[in-house]
Amino acid sequence: MTQTPEYDLDAVRREIPLLRTHIPMNACSQAPQSDRTRRAAEAYLDSWASDGMDWDRWMEEVEAARTEFAALVGGEPNDVAVATSVSQATASVASGLDYTGRRFEVVVSGAEFPTVSHVWRAQERFGAEVVAAPTSAGTVPLDAYEAAITEKTLVVSAALGYYQTGAIQDVGAIAELAHDRGALLFVDAYQALGTRPFDAPSSGADFVASGNLKFLMGIPGIAFVWVRPGIADALHPPVTGWFGRREPFAFDAGRLDWADGARRLDLGTPPVMEAYVARAGMAWPRALGLDAVERWNRALSEHLADRAHELGLAILEPSDPAARAPTTAFACGDSHGVEERLRRRGIIASARGPALRLAPHFYNTLDDVDQAVEALAEELEEGSTAA
Ligand SMILES: Cc1ncc(COP(=O)(O)O)c(C=O)c1O
């Protein structure tokens, strides 16, 4: 089994102050701060303090973040909109679709983070009908999509990584089912981007949305959505703003035109400080090599699964690390209580409903994994004897 990553793990770890005191295993929720993301935030604060304002420079930084996201997903900057959250990015896309024709159904997977499902359900006021593709064994089986997609389907909404179990969905296969029946495919890639290579143009997806604060090493307040070239031009979302215009700085209140490509999904003044941080964070796994990051994450996940097995801990399906992002979930009744007790031991895990998730990333060691799983086993053991 792989014992070390292909990059300099010690150098990576030196950049993350939190590692001196904690074992962060919560990249599925919030990545740790790094020297490079801190420096990026400070660059904005310094500019604000010393220049008062520098919109040209700040807008350049927003463009640089857009360009970095585009590179991460193999696309072009004009095919990427800058949003403030995945909820807003989804709402911008969803509000741009027309549900009054012969296609009005939206297939929403059971693996959706609730916010995405909420946005699609909110479109029912405008004629949409939501059809569920349920999960089974911690993932959404292809036959559930096959049964749900019909000639009436306008768009299929899928998650690349399931937030609760880490299950990776086969986007290419879902795209084939959707496209065969004339439907579009929206993909929420938040739980997987940064952990593996993902090429949006060849993935089959028509929209790929993600926030920035999980495996992409950034902060809240900024998100992105890639839109397949050619598709954006048919979108005229009522969720809009002056940055969605061809010339925002023409200040023409009487004209509602639409910027080319995905830029028409931009809204108001963009999240500037977040853009500084987002670019610095996202660029890191790409600079290390997403293939190398994926291999190390796989080694960490396999080690985690082996250790959990030895300690008698049951992993929520899918249990095979190859079928998952680096997230491994365990069923435990009081997941928030367990998260709290682990935190007191210096281990940061992430509870979601009844599941406790351990999500290592490229900066973790095999020893981090051992310590986290052993502490979890002890906490669960103690919980069961106390009960
Ligand atoms: C897969 C996924 N999508 C969306 C969200 C939420 O996105 P936002 O808060 O940016 O709307 C989360 C978690 O925060 C998530 O895990």
# chains A, B, ... in the order shown; residues from 1 in each chain; ligands from 1

call {"tool": "residues_near_ligand", "arguments": {"ligand": "ligand 1", "cutoff": "6 Å", "atoms": "only C-alpha atoms and all ligand atoms", "output": "list of chain:residue names"}}
result
A:Ser85, A:Val86, A:Ser87, A:Phe113, A:Tyr163, A:Asp188, A:Tyr190, A:Gln191, A:Gly211

call {"tool": "closest_atom_pairs", "arguments": {"of": "range 38-99 of chain A", "to": "range 272-278 of chain A", "cutoff": "10 Å", "atoms": "only C-alpha atoms", "output": "tab-separated table"}}
result
residue	atom	partner	partner_atom	distance
A:Arg38	CA	A:Val277	CA	7.4
A:Arg39	CA	A:Val277	CA	8.3
A:Ala40	CA	A:Val277	CA	5.2
A:Ala41	CA	A:Val277	CA	5.7
A:Glu42	CA	A:Met273	CA	8.9
A:Ala43	CA	A:Tyr276	CA	7.8
A:Tyr44	CA	A:Met273	CA	5.9
A:Leu45	CA	A:Met273	CA	8.0
A:Trp48	CA	A:Met273	CA	10.0
A:Trp55	CA	A:Val272	CA	9.4
A:Arg57	CA	A:Val272	CA	9.9
A:Trp58	CA	A:Val272	CA	6.2
A:Met59	CA	A:Val272	CA	7.3
A:Glu60	CA	A:Val272	CA	9.5
A:Glu61	CA	A:Tyr276	CA	6.1
A:Val62	CA	A:Ala275	CA	5.2
A:Glu63	CA	A:Ala275	CA	8.4
A:Ala64	CA	A:Ala275	CA	8.0
A:Ala65	CA	A:Ala275	CA	5.6
A:Arg66	CA	A:Ala275	CA	8.3
A:Glu68	CA	A:Ala278	CA	8.8
A:Phe69	CA	A:Ala278	CA	8.9
A:Val82	CA	A:Ala275	CA	9.1
A:Thr84	CA	A:Glu274	CA	9.1

call {"tool": "select_by_dssp", "arguments": {"residues": "range 135-366 of chain A", "states": "helix (DSSP H, G or I)", "output": "number ranges by chain"}}
result
A: 142-148, 171-180, 200-203, 232-234, 242-244, 248-250, 261-265, 272-288, 290-310, 321-323, 335-344, 366

call {"tool": "select_by_dssp", "arguments": {"residues": "range 78-142 of chain A", "states": "strand (DSSP E)", "output": "list in words"}}
result
Val80, Ala81, Val82, Ala83, Glu105, Val106, Val107, Val108, Ser109, Glu129, Val130, Val131, Ala132 and Ala133 of chain A

call {"tool": "residues_around", "arguments": {"residues": "Arg345 in chain A", "least_positions_apart": "5", "cutoff": "9 Å", "atoms": "only C-alpha atoms", "output": "JSON, numbers by chain"}}
result
{"A": [22, 340, 375]}

call {"tool": "write_last_selection", "arguments": {"atoms": "N, CA and C atoms", "output": "mmCIF file, in the first residue's frame"}}
result
data_model
loop_
_atom_site.group_PDB
_atom_site.id
_atom_site.type_symbol
_atom_site.label_atom_id
_atom_site.label_comp_id
_atom_site.auth_asym_id
_atom_site.auth_seq_id
_atom_site.Cartn_x
_atom_site.Cartn_y
_atom_site.Cartn_z
ATOM 1 N N HIS A 22 -4.222 20.158 16.119
ATOM 2 C CA HIS A 22 -5.420 19.349 15.848
ATOM 3 C C HIS A 22 -5.178 18.354 14.717
ATOM 4 N N GLU A 340 -18.423 16.518 19.165
ATOM 5 C CA GLU A 340 -17.974 17.403 20.251
ATOM 6 C C GLU A 340 -16.901 16.715 21.100
ATOM 7 N N ALA A 375 -9.829 6.975 18.182
ATOM 8 C CA ALA A 375 -10.589 7.827 19.111
ATOM 9 C C ALA A 375 -12.091 7.643 18.879
#

call {"tool": "atom_distance", "arguments": {"atom1": "CA of Val106 in chain A", "atom2": "CA of Ala70 in chain A"}}
result
26.3 Å

call {"tool": "closest_residue", "arguments": {"among": "A:Asn297, A:Thr269, A:Ser95, A:Thr4", "to": "Arg196 in chain A", "atoms": "only C-alpha atoms"}}
result
A:Asn297

call {"tool": "residues_around", "arguments": {"residues": "Ala189 in chain A", "least_positions_apart": "3", "cutoff": "8 Å", "atoms": "only C-alpha atoms", "output": "ChimeraX atom specification"}}
result
/A:159-161,192-193,208-210

call {"tool": "write_last_selection", "arguments": {"atoms": "N, CA and C atoms", "output": "PDB file, in the first residue's frame"}}
result
ATOM      1  N   ALA A 159     -25.612  14.817  -7.718  1.00  0.00           N
ATOM      2  CA  ALA A 159     -24.422  15.223  -6.961  1.00  0.00           C
ATOM      3  C   ALA A 159     -23.252  14.367  -7.437  1.00  0.00           C
ATOM      4  N   LEU A 160     -22.118  14.989  -7.698  1.00  0.00           N
ATOM      5  CA  LEU A 160     -20.929  14.178  -8.036  1.00  0.00           C
ATOM      6  C   LEU A 160     -20.511  13.367  -6.820  1.00  0.00           C
ATOM      7  N   GLY A 161     -20.562  13.993  -5.640  1.00  0.00           N
ATOM      8  CA  GLY A 161     -20.268  13.269  -4.398  1.00  0.00           C
ATOM      9  C   GLY A 161     -21.419  13.464  -3.430  1.00  0.00           C
ATOM     10  N   ALA A 192     -16.713  16.776  -4.102  1.00  0.00           N
ATOM     11  CA  ALA A 192     -15.681  15.976  -4.781  1.00  0.00           C
ATOM     12  C   ALA A 192     -14.590  16.819  -5.433  1.00  0.00           C
ATOM     13  N   LEU A 193     -14.915  18.043  -5.863  1.00  0.00           N
ATOM     14  CA  LEU A 193     -13.878  18.845  -6.539  1.00  0.00           C
ATOM     15  C   LEU A 193     -12.721  19.106  -5.579  1.00  0.00           C
ATOM     16  N   VAL A 208     -22.071  22.609 -13.810  1.00  0.00           N
ATOM     17  CA  VAL A 208     -21.300  22.042 -12.695  1.00  0.00           C
ATOM     18  C   VAL A 208     -21.101  23.145 -11.655  1.00  0.00           C
ATOM     19  N   ALA A 209     -21.706  22.959 -10.494  1.00  0.00           N
ATOM     20  CA  ALA A 209     -21.626  23.984  -9.446  1.00  0.00           C
ATOM     21  C   ALA A 209     -20.777  23.490  -8.287  1.00  0.00           C
ATOM     22  N   SER A 210     -20.104  24.430  -7.634  1.00  0.00           N
ATOM     23  CA  SER A 210     -19.376  24.085  -6.409  1.00  0.00           C
ATOM     24  C   SER A 210     -19.104  25.334  -5.591  1.00  0.00           C
TER      25      SER A 210
END

call {"tool": "closest_residue", "arguments": {"among": "A:Ala349, A:Ala89, A:Val373, A:Leu300", "to": "Gly221 in chain A", "atoms": "only C-alpha atoms"}}
result
A:Ala89

call {"tool": "closest_residue", "arguments": {"among": "A:Ala299, A:Gly241, A:Glu317, A:Leu311", "to": "Val140 in chain A", "atoms": "only C-alpha atoms"}}
result
A:Glu317

call {"tool": "residues_around", "arguments": {"residues": "Arg263 in chain A", "least_positions_apart": "2", "cutoff": "6 Å", "atoms": "only C-alpha atoms", "output": "MDAnalysis selection string"}}
result
chainID A and resid 81 244 259 261 265:266

call {"tool": "write_last_selection", "arguments": {"atoms": "N, CA and C atoms", "output": "mmCIF file, in the first residue's frame"}}
result
data_model
loop_
_atom_site.group_PDB
_atom_site.id
_atom_site.type_symbol
_atom_site.label_atom_id
_atom_site.label_comp_id
_atom_site.auth_asym_id
_atom_site.auth_seq_id
_atom_site.Cartn_x
_atom_site.Cartn_y
_atom_site.Cartn_z
ATOM 1 N N ALA A 81 -19.714 31.214 -14.044
ATOM 2 C CA ALA A 81 -20.312 32.348 -13.324
ATOM 3 C C ALA A 81 -19.803 32.322 -11.892
ATOM 4 N N GLY A 244 -24.579 40.798 -14.567
ATOM 5 C CA GLY A 244 -25.017 39.865 -15.611
ATOM 6 C C GLY A 244 -25.217 40.551 -16.957
ATOM 7 N N ALA A 259 -25.102 39.259 -20.747
ATOM 8 C CA ALA A 259 -23.694 38.994 -21.066
ATOM 9 C C ALA A 259 -23.591 37.642 -21.773
ATOM 10 N N GLY A 261 -22.349 33.919 -22.627
ATOM 11 C CA GLY A 261 -21.925 32.761 -21.850
ATOM 12 C C GLY A 261 -22.425 32.812 -20.415
ATOM 13 N N LEU A 265 -25.012 34.842 -15.607
ATOM 14 C CA LEU A 265 -25.507 34.368 -14.300
ATOM 15 C C LEU A 265 -24.867 35.128 -13.128
ATOM 16 N N ASP A 266 -23.882 35.995 -13.419
ATOM 17 C CA ASP A 266 -23.317 36.818 -12.349
ATOM 18 C C ASP A 266 -24.424 37.755 -11.839
#

call {"tool": "residues_around", "arguments": {"residues": "Arg103 in chain A", "least_positions_apart": "3", "cutoff": "12 Å", "atoms": "only C-alpha atoms", "output": "count of residues only"}}
result
22

call {"tool": "residues_around", "arguments": {"residues": "Pro197 in chain A", "least_positions_apart": "4", "cutoff": "8 Å", "atoms": "only C-alpha atoms", "output": "PyMOL selection string"}}
result
chain A and resi 72-73+193+290-291+294

call {"tool": "atom_distance", "arguments": {"atom1": "CA of Ile174 in chain A", "atom2": "CA of Ala122 in chain A"}}
result
23.4 Å

call {"tool": "closest_residue", "arguments": {"among": "A:Leu358, A:Ala287, A:Asp233, A:Asp260", "to": "Arg246 in chain A", "atoms": "only C-alpha atoms"}}
result
A:Asp260

call {"tool": "atom_distance", "arguments": {"atom1": "CA of Thr90 in chain A", "atom2": "CA of Val116 in chain A"}}
result
6.6 Å
